[in-house]
Amino acid sequence: MYRTFNAARKQRKHGEFRCKLEEQINQSLNEQGLAVSYEKERFPYHLKKFYTPDFLVKGEKFDFWIEVKGYWPSDARTKFLAVIREHPTLPIFVALQSPAQKLSRSSSTSYSAWCEKFGICWCPTPIPQEFLQAWVAGQRTTYRAQAATSRARAKLNRAAAQTELPVAETDQSIASAATTISKSPKQKTGYLETS
């Protein structure tokens with residue numbers, strides 16, 4: 001029963017009514033001379049949900065949170081990004097087990113590049129001592145992902161990419177919409193600038 005219903009529903013084209021009742025209401029509104037459009041606008045909504053980071057660390061200037069990620073599926077990344085957008089000054093960074101791992105088989109974007117794209121501070125695991133001490137001292141630092149030029153080169157440099165990444169300091173919101181990555185001609189890594 002549901003199989004035939006779902007099959008018919010998938011074939012519905014954009015602008016077609018979902019059911020006979022909507023079609024009847026549309027006809028009734030048009031007969032009354034009203035200008036009507038069907039499903040032309042979408043509105044975002046937020047459900048009241050809660051996010052619990054893994055670790056809270058007491059710092060000298062501010063307390064901060066650490067989220068540890070091994071496999072990081074799309075729905076979890078979306079939830080994390082929603083939290084960052086809702087709380088742009090939240091002092092949190094992500095400790096990635098495999099920063100060079102791709103988001104999916106068909107994606108060329110790595111976890112670390114995804115974090116950089118959205119201005120999220122990150123580091124590899126185990127968390128480097130100097131990186132952690134910088135956060136404890138009140139400096140928001142983050143690693144920079146190396147840009148892989150080819151698949152073969154990325155495979156060869158995967159271990160080095162996890163251990164020898166340069167650190168850049170961020171001084172404002174980690175989720176600032178006005179983040180840009182600038183690259184000098186001799187460098188393969190970028191440094192985050194926040195305005």
# chains A, B, ... in the order shown; residues from 1 in each chain; ligands from 1
>>> select_by_dssp(residues="stretch 25-168 of chain A", states="strand (DSSP E or B)", output="number ranges by chain")
A: 55-57, 64-69, 92-96, 102, 110, 121-124, 140-143, 167-168
>>> select_by_dssp(residues="stretch 26-163 of chain A", states="helix (DSSP H, G or I)", output="number ranges by chain")
A: 26-31, 74-86, 111-117, 129-136, 151-156, 158-163
>>> residues_around(residues="stretch 84-93 of chain A", least_positions_apart="6", cutoff="12 Å", atoms="only C-alpha atoms", output="number ranges by chain")
A: 46, 48-59, 61-69, 77-78, 112, 115-116, 118-125, 127, 131-132, 135-136, 138-143, 170-178
>>> write_last_selection(atoms="C-alpha atoms", output="compact mmCIF listing (two decimals), in the first residue's frame")
# COMPACT_ATOMS: atom_id res chain seq x y z
CA HIS A 46 14.45 25.94 14.72
CA LYS A 48 14.53 23.42 20.61
CA LYS A 49 17.33 20.89 20.81
CA PHE A 50 20.44 20.68 22.95
CA TYR A 51 24.05 20.01 22.10
CA THR A 52 26.51 18.65 24.64
CA PRO A 53 30.24 19.08 23.84
CA ASP A 54 32.62 16.35 25.00
CA PHE A 55 34.96 18.25 27.34
CA LEU A 56 34.90 21.52 29.27
CA VAL A 57 38.38 22.85 30.07
CA LYS A 58 39.04 25.61 32.59
CA GLY A 59 41.29 28.23 30.99
CA LYS A 61 41.08 33.83 30.53
CA PHE A 62 38.01 31.81 29.56
CA ASP A 63 36.66 28.27 29.77
CA PHE A 64 36.47 26.39 26.48
CA TRP A 65 35.02 23.20 25.07
CA ILE A 66 36.57 20.39 23.04
CA GLU A 67 34.56 18.20 20.68
CA VAL A 68 36.35 14.98 19.69
CA LYS A 69 35.44 13.46 16.33
CA ARG A 77 28.25 18.21 11.09
CA THR A 78 24.99 20.01 10.33
CA SER A 112 39.77 19.85 8.19
CA CYS A 115 36.12 23.18 9.44
CA GLU A 116 38.13 25.94 7.75
CA PHE A 118 33.00 27.48 8.25
CA GLY A 119 35.61 29.11 10.50
CA ILE A 120 35.67 26.29 13.05
CA CYS A 121 38.89 25.84 15.03
CA TRP A 122 40.32 22.34 14.87
CA CYS A 123 43.41 20.28 15.63
CA PRO A 124 44.54 16.69 15.04
CA THR A 125 44.47 14.02 17.75
CA ILE A 127 45.89 17.19 20.87
CA PHE A 131 48.05 23.96 20.96
CA LEU A 132 46.22 23.11 24.19
CA TRP A 135 43.86 27.77 24.38
CA VAL A 136 44.37 27.59 28.15
CA GLY A 138 43.33 32.50 26.12
CA GLN A 139 44.51 32.34 22.48
CA ARG A 140 42.12 30.81 19.98
CA THR A 141 44.42 28.97 17.64
CA THR A 142 43.59 26.58 14.85
CA TYR A 143 45.43 24.35 12.42
CA THR A 170 42.20 33.61 15.62
CA ASP A 171 41.35 36.59 17.75
CA GLN A 172 37.57 36.89 17.41
CA SER A 173 34.57 34.69 16.85
CA ILE A 174 35.41 31.26 15.52
CA ALA A 175 32.28 31.27 13.40
CA SER A 176 32.55 34.77 12.01
CA ALA A 177 30.91 35.07 8.63
CA ALA A 178 33.66 37.41 7.48
>>> atom_distance(atom1="atom CA of A:Lys40", atom2="atom CA of A:Ser74")
27.4 Å
